[in-house]
Amino acid sequence: MKKTIMAVVAYDGTNYQGFQRQKDYGVGVQQVLEKALSTALHEKILVKAAGRTDAGVHALGQVISFTTSSPIPPENYRRALQHLLPPDIAVREAFIKPDGFHARFDALDKTYRYTVLYAPLPDPCARRYAWEVRKPLQLSAMNEAAALLIGTHDFSSFKNQGSEKTSPVRTLYEAYWTQEKERFFFTIRGDGFLYRMVRNIVGCLVKVGTGEWNQDDFAAVMAAKDRKKAGTAAPACGLSLIHVSYPGETAEK
């Protein structure tokens with residue numbers, strides 16, 4: 001009898017061409033997960049994900065769903081997959097869900113975190129997980145600009161080519177910066193995100209933080225609904241999908 005499984009997955013995205021299964025170039029996290037799950041559960045497994053993180057983006061709380069006839073209980077998946085997955089991918093936990101559960105379509109919101117490191121000199125130990133910037137950043141200025149993102153807006157200015165042909169209107173519930181010494185963390189939570197939307201937003205907010213732009217400049221970019229106004233996206237290495245929430249329960253942060 002088929003059962004539906006929800007699993008929380010973490011991965012270092014450095015060596016992958018994003019989450020999605022790849023046909024012609026590189027490897028996606030999805031391919032590696034499907035191969036390991038198929039081996040462990042002794043049947044072909046195809047997974048759906050809450051979000052299609054792109055090349056180089058990491059995850060602490062990606063959520064996948066799939067169906068299986070295997071008698072192995074979900075609480076044993078971590079042990080069963082331990083030696084089948086590479087060290088940069090891990091299944092943190094798994095649950096049985098009602099039939100029809102879908103990791104993407106049932107999600108209420110997703111939370112991403114972006115890490116920026118103020119590093120006047122290169123830091124080799126940080127380069128895989130943070131964007132190193134050489135100029136000092138003003139936390140208050142970045143938070144004042146980030147506050148403009150809250151609510152329902154047309155985010156066309158932060159949408160790269162390649163986005164799905166859906167409305168550019170999204171609702172953001174949280175967007176704020178915190179600081180720990182030289183590290184700055186941007187947390188953003190919303191009902192959905194356009195292709196490279198978070199990285200484009202961070203690129204603009206860092207311009208505010210360095211003083212190249214002010215809050216009015218950032219507001220003008222939002223209002224323009226023109227990707228060409230937003231400038232360069234922040235690099236993928238600093239971005240992580242950390243949490244996905246669902247009706248009636250919360251995936252672990």
# chains A, B, ... in the order shown; residues from 1 in each chain; ligands from 1

call {"tool": "select_by_dssp", "arguments": {"residues": "range 145-201 of chain A", "states": "strand (DSSP E or B)", "output": "number ranges by chain"}}
result
A: 151-154, 169-180, 183-190

call {"tool": "write_last_selection", "arguments": {"atoms": "N, CA, C and O atoms", "output": "JSON list (two decimals), in the first residue's frame"}}
result
[["chain", "number", "residue", "atom", "x", "y", "z"],
["A", 151, "GLY", "N", 4.69, 43.16, 2.98],
["A", 151, "GLY", "CA", 3.38, 43.35, 2.39],
["A", 151, "GLY", "C", 3.30, 42.71, 1.01],
["A", 151, "GLY", "O", 4.16, 41.93, 0.61],
["A", 152, "THR", "N", 2.23, 43.02, 0.31],
["A", 152, "THR", "CA", 1.99, 42.47, -1.03],
["A", 152, "THR", "C", 2.41, 43.48, -2.08],
["A", 152, "THR", "O", 1.90, 44.59, -2.12],
["A", 153, "HIS", "N", 3.37, 43.08, -2.93],
["A", 153, "HIS", "CA", 3.92, 43.99, -3.93],
["A", 153, "HIS", "C", 4.19, 43.25, -5.23],
["A", 153, "HIS", "O", 4.30, 42.02, -5.26],
["A", 154, "ASP", "N", 4.35, 44.03, -6.28],
["A", 154, "ASP", "CA", 4.85, 43.52, -7.55],
["A", 154, "ASP", "C", 6.38, 43.56, -7.47],
["A", 154, "ASP", "O", 6.97, 44.63, -7.39],
["A", 169, "VAL", "N", 3.55, 39.26, -8.39],
["A", 169, "VAL", "CA", 3.05, 39.74, -7.09],
["A", 169, "VAL", "C", 3.26, 38.66, -6.03],
["A", 169, "VAL", "O", 2.84, 37.51, -6.20],
["A", 170, "ARG", "N", 3.92, 39.02, -4.95],
["A", 170, "ARG", "CA", 4.16, 38.12, -3.83],
["A", 170, "ARG", "C", 3.90, 38.87, -2.53],
["A", 170, "ARG", "O", 3.93, 40.10, -2.48],
["A", 171, "THR", "N", 3.66, 38.11, -1.46],
["A", 171, "THR", "CA", 3.47, 38.70, -0.14],
["A", 171, "THR", "C", 4.62, 38.30, 0.76],
["A", 171, "THR", "O", 4.91, 37.11, 0.92],
["A", 172, "LEU", "N", 5.28, 39.29, 1.33],
["A", 172, "LEU", "CA", 6.37, 39.05, 2.26],
["A", 172, "LEU", "C", 5.92, 39.40, 3.68],
["A", 172, "LEU", "O", 5.33, 40.46, 3.91],
["A", 173, "TYR", "N", 6.21, 38.51, 4.61],
["A", 173, "TYR", "CA", 5.79, 38.68, 6.00],
["A", 173, "TYR", "C", 6.91, 39.20, 6.89],
["A", 173, "TYR", "O", 6.66, 39.86, 7.90],
["A", 174, "GLU", "N", 8.13, 38.88, 6.54],
["A", 174, "GLU", "CA", 9.29, 39.33, 7.31],
["A", 174, "GLU", "C", 10.43, 39.64, 6.35],
["A", 174, "GLU", "O", 10.62, 38.94, 5.35],
["A", 175, "ALA", "N", 11.21, 40.67, 6.66],
["A", 175, "ALA", "CA", 12.42, 41.00, 5.91],
["A", 175, "ALA", "C", 13.26, 41.89, 6.82],
["A", 175, "ALA", "O", 12.94, 43.06, 7.02],
["A", 176, "TYR", "N", 14.32, 41.35, 7.39],
["A", 176, "TYR", "CA", 15.11, 42.12, 8.35],
["A", 176, "TYR", "C", 16.54, 41.58, 8.41],
["A", 176, "TYR", "O", 16.82, 40.44, 8.08],
["A", 177, "TRP", "N", 17.42, 42.47, 8.87],
["A", 177, "TRP", "CA", 18.83, 42.14, 9.05],
["A", 177, "TRP", "C", 19.18, 42.06, 10.54],
["A", 177, "TRP", "O", 18.66, 42.82, 11.35],
["A", 178, "THR", "N", 20.08, 41.15, 10.86],
["A", 178, "THR", "CA", 20.69, 41.10, 12.19],
["A", 178, "THR", "C", 22.21, 41.05, 11.99],
["A", 178, "THR", "O", 22.69, 40.77, 10.89],
["A", 179, "GLN", "N", 22.94, 41.34, 13.06],
["A", 179, "GLN", "CA", 24.39, 41.39, 12.94],
["A", 179, "GLN", "C", 25.05, 40.66, 14.10],
["A", 179, "GLN", "O", 24.63, 40.78, 15.25],
["A", 180, "GLU", "N", 26.07, 39.90, 13.80],
["A", 180, "GLU", "CA", 26.93, 39.27, 14.79],
["A", 180, "GLU", "C", 28.38, 39.56, 14.40],
["A", 180, "GLU", "O", 28.92, 38.93, 13.50],
["A", 183, "ARG", "N", 29.50, 39.59, 10.69],
["A", 183, "ARG", "CA", 28.52, 38.89, 9.87],
["A", 183, "ARG", "C", 27.16, 39.56, 9.95],
["A", 183, "ARG", "O", 26.68, 39.90, 11.03],
["A", 184, "PHE", "N", 26.53, 39.69, 8.79],
["A", 184, "PHE", "CA", 25.20, 40.27, 8.68],
["A", 184, "PHE", "C", 24.27, 39.21, 8.08],
["A", 184, "PHE", "O", 24.59, 38.58, 7.06],
["A", 185, "PHE", "N", 23.12, 39.00, 8.73],
["A", 185, "PHE", "CA", 22.18, 37.96, 8.30],
["A", 185, "PHE", "C", 20.86, 38.61, 7.89],
["A", 185, "PHE", "O", 20.25, 39.35, 8.66],
["A", 186, "PHE", "N", 20.45, 38.32, 6.68],
["A", 186, "PHE", "CA", 19.18, 38.82, 6.16],
["A", 186, "PHE", "C", 18.18, 37.67, 6.16],
["A", 186, "PHE", "O", 18.39, 36.64, 5.51],
["A", 187, "THR", "N", 17.09, 37.84, 6.89],
["A", 187, "THR", "CA", 16.02, 36.84, 6.95],
["A", 187, "THR", "C", 14.82, 37.36, 6.21],
["A", 187, "THR", "O", 14.39, 38.50, 6.43],
["A", 188, "ILE", "N", 14.26, 36.53, 5.33],
["A", 188, "ILE", "CA", 13.11, 36.93, 4.53],
["A", 188, "ILE", "C", 12.12, 35.77, 4.46],
["A", 188, "ILE", "O", 12.50, 34.63, 4.17],
["A", 189, "ARG", "N", 10.86, 36.07, 4.77],
["A", 189, "ARG", "CA", 9.81, 35.03, 4.78],
["A", 189, "ARG", "C", 8.64, 35.52, 3.94],
["A", 189, "ARG", "O", 8.18, 36.65, 4.10],
["A", 190, "GLY", "N", 8.17, 34.65, 3.03],
["A", 190, "GLY", "CA", 7.07, 35.04, 2.18],
["A", 190, "GLY", "C", 6.31, 33.85, 1.64],
["A", 190, "GLY", "O", 6.70, 32.70, 1.83]]

call {"tool": "residues_around", "arguments": {"residues": "Lys135 in chain A", "least_positions_apart": "6", "cutoff": "12 Å", "atoms": "only C-alpha atoms", "output": "CSV table (one decimal) with all heavy atoms, in the first residue's frame"}}
result
chain,number,residue,atom,x,y,z
A,116,VAL,N,26.1,37.8,4.8
A,116,VAL,CA,27.1,38.7,4.2
A,116,VAL,C,28.2,38.9,5.3
A,116,VAL,O,27.9,39.1,6.5
A,116,VAL,CB,26.4,40.1,3.9
A,116,VAL,CG1,27.5,41.0,3.4
A,116,VAL,CG2,25.3,39.9,2.9
A,117,LEU,N,29.4,38.8,4.8
A,117,LEU,CA,30.5,39.0,5.7
A,117,LEU,C,31.3,40.2,5.3
A,117,LEU,O,31.8,40.3,4.2
A,117,LEU,CB,31.5,37.7,5.7
A,117,LEU,CG,32.8,37.8,6.5
A,117,LEU,CD1,32.5,37.9,7.9
A,117,LEU,CD2,33.7,36.7,6.1
A,118,TYR,N,31.4,41.1,6.3
A,118,TYR,CA,32.3,42.3,6.0
A,118,TYR,C,33.8,41.8,6.2
A,118,TYR,O,34.2,41.5,7.4
A,118,TYR,CB,32.0,43.4,7.0
A,118,TYR,CG,33.1,44.5,7.0
A,118,TYR,CD1,33.5,45.1,5.8
A,118,TYR,CD2,33.7,44.9,8.2
A,118,TYR,CE1,34.5,46.1,5.8
A,118,TYR,CE2,34.7,45.9,8.2
A,118,TYR,CZ,35.1,46.5,7.0
A,118,TYR,OH,36.1,47.4,6.9
A,119,ALA,N,34.5,41.7,5.1
A,119,ALA,CA,35.9,41.2,5.2
A,119,ALA,C,36.8,42.1,4.3
A,119,ALA,O,36.8,41.9,3.1
A,119,ALA,CB,35.9,39.7,4.6
A,120,PRO,N,37.5,43.0,5.0
A,120,PRO,CA,38.4,43.8,4.2
A,120,PRO,C,39.5,43.0,3.4
A,120,PRO,O,39.9,43.4,2.4
A,120,PRO,CB,39.1,44.7,5.3
A,120,PRO,CG,38.1,44.7,6.4
A,120,PRO,CD,37.4,43.3,6.4
A,121,LEU,N,39.8,41.8,4.0
A,121,LEU,CA,40.7,40.9,3.3
A,121,LEU,C,39.9,39.6,3.1
A,121,LEU,O,39.1,39.2,3.9
A,121,LEU,CB,41.9,40.6,4.1
A,121,LEU,CG,42.8,41.9,4.4
A,121,LEU,CD1,44.0,41.5,5.3
A,121,LEU,CD2,43.4,42.4,3.0
A,182,GLU,N,31.2,40.7,12.5
A,182,GLU,CA,31.4,41.1,11.0
A,182,GLU,C,30.4,40.4,10.1
A,182,GLU,O,30.4,40.7,8.9
A,182,GLU,CB,32.8,40.7,10.6
A,182,GLU,CG,33.9,41.6,11.2
A,182,GLU,CD,34.3,41.1,12.5
A,182,GLU,OE1,34.0,39.9,12.9
A,182,GLU,OE2,35.0,41.8,13.3
A,206,VAL,N,22.5,45.7,0.0
A,206,VAL,CA,23.9,45.9,0.4
A,206,VAL,C,24.4,47.2,-0.2
A,206,VAL,O,25.2,47.9,0.4
A,206,VAL,CB,24.8,44.7,-0.1
A,206,VAL,CG1,26.3,45.1,-0.1
A,206,VAL,CG2,24.5,43.5,0.8
A,207,LYS,N,23.9,47.6,-1.4
A,207,LYS,CA,24.2,49.0,-1.9
A,207,LYS,C,23.7,50.1,-0.9
A,207,LYS,O,24.4,51.1,-0.7
A,207,LYS,CB,23.5,49.2,-3.2
A,207,LYS,CG,24.2,48.5,-4.4
A,207,LYS,CD,23.4,48.8,-5.7
A,207,LYS,CE,24.1,48.1,-6.9
A,207,LYS,NZ,25.4,48.7,-7.2
A,208,VAL,N,22.6,49.8,-0.3
A,208,VAL,CA,22.1,50.8,0.8
A,208,VAL,C,23.1,50.7,2.0
A,208,VAL,O,23.4,51.8,2.5
A,208,VAL,CB,20.7,50.4,1.2
A,208,VAL,CG1,20.2,51.3,2.3
A,208,VAL,CG2,19.7,50.6,0.0
A,209,GLY,N,23.5,49.5,2.4
A,209,GLY,CA,24.3,49.4,3.5
A,209,GLY,C,25.7,50.0,3.4
A,209,GLY,O,26.3,50.5,4.3
A,210,THR,N,26.2,50.0,2.2
A,210,THR,CA,27.5,50.7,1.9
A,210,THR,C,27.4,52.2,1.7
A,210,THR,O,28.4,52.8,1.5
A,210,THR,CB,28.2,50.0,0.7
A,210,THR,OG1,27.4,50.2,-0.5
A,210,THR,CG2,28.5,48.5,1.0
A,211,GLY,N,26.2,52.7,1.5
A,211,GLY,CA,26.0,54.1,1.3
A,211,GLY,C,25.9,54.5,-0.2
A,211,GLY,O,25.8,55.7,-0.5
A,212,GLU,N,26.1,53.5,-1.1
A,212,GLU,CA,26.0,53.8,-2.5
A,212,GLU,C,24.6,54.2,-2.9
A,212,GLU,O,24.4,55.1,-3.8
A,212,GLU,CB,26.4,52.5,-3.3
A,212,GLU,CG,26.4,52.8,-4.8
A,212,GLU,CD,26.9,51.6,-5.6
A,212,GLU,OE1,27.5,50.6,-4.9
A,212,GLU,OE2,26.8,51.5,-6.8

call {"tool": "atom_distance", "arguments": {"atom1": "CA of Gly56 in chain A", "atom2": "CA of Tyr129 in chain A"}}
result
9.4 Å

call {"tool": "residues_around", "arguments": {"residues": "Pro74 in chain A", "least_positions_apart": "4", "cutoff": "10 Å", "atoms": "only C-alpha atoms", "output": "JSON, numbers by chain"}}
result
{"A": [5, 6, 7, 70, 78, 80, 93, 94, 95, 96]}

call {"tool": "write_last_selection", "arguments": {"atoms": "N, CA and C atoms", "output": "compact mmCIF listing (two decimals), in the first residue's frame"}}
result
# COMPACT_ATOMS: atom_id res chain seq x y z
N ILE A 5 5.12 10.44 2.02
CA ILE A 5 6.16 10.81 2.97
C ILE A 5 6.57 12.27 2.77
N MET A 6 6.74 12.94 3.89
CA MET A 6 7.36 14.27 3.92
C MET A 6 8.72 14.13 4.61
N ALA A 7 9.77 14.68 4.01
CA ALA A 7 11.09 14.63 4.62
C ALA A 7 11.73 16.01 4.61
N SER A 70 7.33 0.96 0.48
CA SER A 70 8.30 0.29 1.35
C SER A 70 7.77 0.15 2.77
N ARG A 78 16.82 8.10 8.14
CA ARG A 78 18.13 8.74 8.35
C ARG A 78 19.23 7.69 8.39
N ALA A 80 19.03 4.54 7.25
CA ALA A 80 19.08 3.80 6.00
C ALA A 80 19.82 4.57 4.91
N GLU A 93 14.85 14.32 8.92
CA GLU A 93 13.73 13.60 9.52
C GLU A 93 12.68 13.34 8.45
N ALA A 94 11.78 12.42 8.74
CA ALA A 94 10.73 12.07 7.77
C ALA A 94 9.47 11.66 8.51
N PHE A 95 8.30 11.91 7.87
CA PHE A 95 7.00 11.64 8.48
C PHE A 95 6.05 11.07 7.43
N ILE A 96 5.08 10.32 7.87
CA ILE A 96 3.96 9.94 7.01
C ILE A 96 2.95 11.08 7.00

call {"tool": "residues_around", "arguments": {"residues": "range 16-20 of chain A", "least_positions_apart": "2", "cutoff": "9 Å", "atoms": "only C-alpha atoms", "output": "list in words"}}
result
Asp12, Gly13, Thr14, Gln22, Tyr25, Gly26, Val27, Gly28, Val29, Gln30, Gln31, Ala49, Gly51, Arg52, Thr53, Asp54, Ala55, Gly56, Val57 and His58 of chain A

call {"tool": "closest_residue", "arguments": {"among": "A:Ala126, A:Val133, A:Leu149, A:Leu81", "to": "Met222 in chain A", "atoms": "only C-alpha atoms"}}
result
A:Leu149

call {"tool": "atom_distance", "arguments": {"atom1": "CA of Ala220 in chain A", "atom2": "CA of Asp109 in chain A"}}
result
26.6 Å

call {"tool": "residues_around", "arguments": {"residues": "Ser38 in chain A", "least_positions_apart": "2", "cutoff": "12 Å", "atoms": "only C-alpha atoms", "output": "PyMOL selection string"}}
result
chain A and resi 30-36+40-47+66-70+77+80-81+84-85

call {"tool": "closest_residue", "arguments": {"among": "A:Lys23, A:Gly100, A:Leu194, A:Ala90", "to": "Thr4 in chain A", "atoms": "only C-alpha atoms"}}
result
A:Gly100
